[in-house]
Amino acid sequence: MPLAFSFASGNPCGYSGVMANPAATRVTSLYVHVPFCAQKCVYCAFYSEASSGELVNRYTGALLRELELVADDLKPQTIFFGGGTPSLLNLRQWEQILRIMEKLDLLGAEEFTVECNPATVSADKAKLFRDFGINRISMGVQSLDEKLLDRLGRIHSREMVFKSFDILRHAGFENINLDLMFAIPTQTMEIWRATLNEAMAMQSEHLSSYEVIYEDDTPLYEQLKAGEFSVDEDLACEMYEELITHVTNGGFHQYEIANFARNVKSINPSIHQTTPSHACKHNVNYWRGGSFYGLGPSATGYVRGVRTKNWSNTQLYCDQLEKGRRAIESSEELPPLRRAGESAAFGLRMNAGWPFAEFTRTTDFDLRNEWSSEIDQLVERGWAARTDKKFQLTHQGLRFADSAAEMFLR
């Protein structure tokens with residue numbers, strides 16, 4: 001159930017780099033989009049395309065140039081390679097990327113995640129990842145039912161999931177996320193429970209689970225419009241409740257609408273943990289309104305109040321970088337109140353909600369003043385709870401987080 005806010009584009013720009021900043025003010029989060037897939041899944045609306053050797057090599061070279069252009073303003077504590085299918089890149093391409101990151105002093109992040117398809121995990125690739133400090137893998141499982149995998153257009157089998165998980169463990173990965181989907185057409189509660197049972201038995205550190213979303217311009221949406229299946233909202237709600245009950249009983253802690261993590265309690269009792277220890281730190285930075293660079297075709301970045309979006313065209317992306325400038329399609333400077341409203345909206349996805357003091361530190365606005373009536377409305381509906389120290393959505397409110405979040409957008 002990810003939020004689907006549409007951020008409007010501003011005026012096109014084509015600046016070539018960034019000003020160097022002192023280490024203390026450098027951006028600490030980096031997202032890299034790898035747009036290639038073996039084949040497009042029927043539900044996917046992210047920018048991706050079929051891979052071809054020549055274009056992937058060209059993309060790799062362009063990405064190296066983009067990394068060089070922003071390196072002086074980066075000191076990554078979290079790095080996330082998403083897609084597409086980042087694990088589709090071959091060993092040589094990955095080594096090129098990681099070596100330039102090493103040269104530019106961009107390695108050593110506290111959390112370095114790579115998304116992987118179970119069909120594209122190998123022992124050699126896993127070893128290379130570990131050798132260069134990649135310490136978290138997010139594996140796109142989606143289902144452990146063969147018929148549903150085929151229904152979604154996935155290229156992997158259920159056996160590949162278990163084999164790849166074992167390869168990653170053997171390589172030394174101690175932080176693995178499993179990505180699951182529910183409310184898939186033809187998926188029954190029995191199938192969903194079986195998938196949850198098997199996923200829990202794998203003992204991963206993190207689990208993400210999203211309800212199928214029917215996005216425009218996807219094959220799944222066209223099938224829905226054509227009447228090939230119908231959506232059962234009641235069943236989707238029941239599956240979500242089953243998810244929360246099942247994984248909570250299995251030792252996971254829900255910290256965001258669709259994200260669950262195991263927790264190793266801090267050995268320092270003075271440290272207050274608002275999220276479980278294996279929560280995805282990179283995503284928490286998004287939800288808390290933090291800055292991040294976004295590299296690669298279609299990637300969005302948010303640095304010091306300015307949102308940028310790269311061209312959603314790999315050929316054009318490469319053209320621009322080969323000319324020595326970033327492939328930015330649009331740039332928009334957000335007014336402070338709008339920035340604060342977006343931070344409020346995204347932060348409410350988290351179970352912890354917004355501590356008022358933290359929101360003020362983050363945005364320079366007081367949530368209680370600027371959004372007083374909205375808070376009151378949500379509390380009256382039973383969607384939210386408020387104390388002297390914080391504001392958060394209730395269990396019921398989290399089911400309607402999109403509607404609640406829109407109330408805070410200015």
# chains A, B, ... in the order shown; residues from 1 in each chain; ligands from 1

$ closest_atom_pairs --of "range 174-219 of chain A" --to "range 236-251 of chain A" --cutoff "10 Å" --atoms "only C-alpha atoms" --output "CSV"
residue,atom,partner,partner_atom,distance
A:Phe182,CA,A:Met239,CA,6.9
A:Ala183,CA,A:Ala236,CA,5.2
A:Ile184,CA,A:Ala236,CA,8.9
A:Gln187,CA,A:Ala236,CA,9.9
A:Thr188,CA,A:Met239,CA,9.0
A:Met189,CA,A:Met239,CA,6.7
A:Glu190,CA,A:Met239,CA,10.0
A:Trp192,CA,A:Met239,CA,7.3
A:Arg193,CA,A:Glu242,CA,7.8
A:Leu196,CA,A:His246,CA,7.3
A:Asn197,CA,A:His246,CA,8.2
A:Ala199,CA,A:Val247,CA,9.5
A:Met200,CA,A:Gly250,CA,6.9
A:Ala201,CA,A:Gly250,CA,9.1
A:Gln203,CA,A:Gly250,CA,9.2
A:Glu205,CA,A:Gly251,CA,9.8
A:Leu207,CA,A:Val247,CA,8.6
A:Ser209,CA,A:Leu243,CA,8.2
A:Tyr210,CA,A:Tyr240,CA,8.8
A:Glu211,CA,A:Ala236,CA,7.3
A:Val212,CA,A:Ala236,CA,9.1

$ select_by_dssp --residues "range 69-234 of chain A" --states "helix (DSSP H, G or I)" --output "PyMOL selection string"
chain A and resi 69-73+86-88+91-103+118-120+123-131+146-152+158-171+189-201+219-225+233-234

$ atom_distance --atom1 "CA of Gln77 in chain A" --atom2 "CA of Leu180 in chain A"
26.4 Å

$ closest_residue --among "A:Glu102, A:Glu406, A:Asp234, A:Glu66" --to "Leu378 in chain A" --atoms "only C-alpha atoms"
A:Glu406

$ residues_around --residues "Ile176 in chain A" --least-positions-apart "2" --cutoff "9 Å" --atoms "only C-alpha atoms" --output "PyMOL selection string"
chain A and resi 135-139+165+168-169+173-174+178+204-207

$ closest_residue --among "A:Asn117, A:Thr186, A:Ser29, A:Thr314" --to "Pro76 in chain A" --atoms "only C-alpha atoms"
A:Ser29

$ closest_residue --among "A:Asp150, A:Asp388, A:Glu256, A:Glu68" --to "Ala279 in chain A" --atoms "only C-alpha atoms"
A:Glu256

$ closest_residue --among "A:Pro185, A:Gly108, A:Pro118, A:Gly172" --to "Ile155 in chain A" --atoms "only C-alpha atoms"
A:Pro118
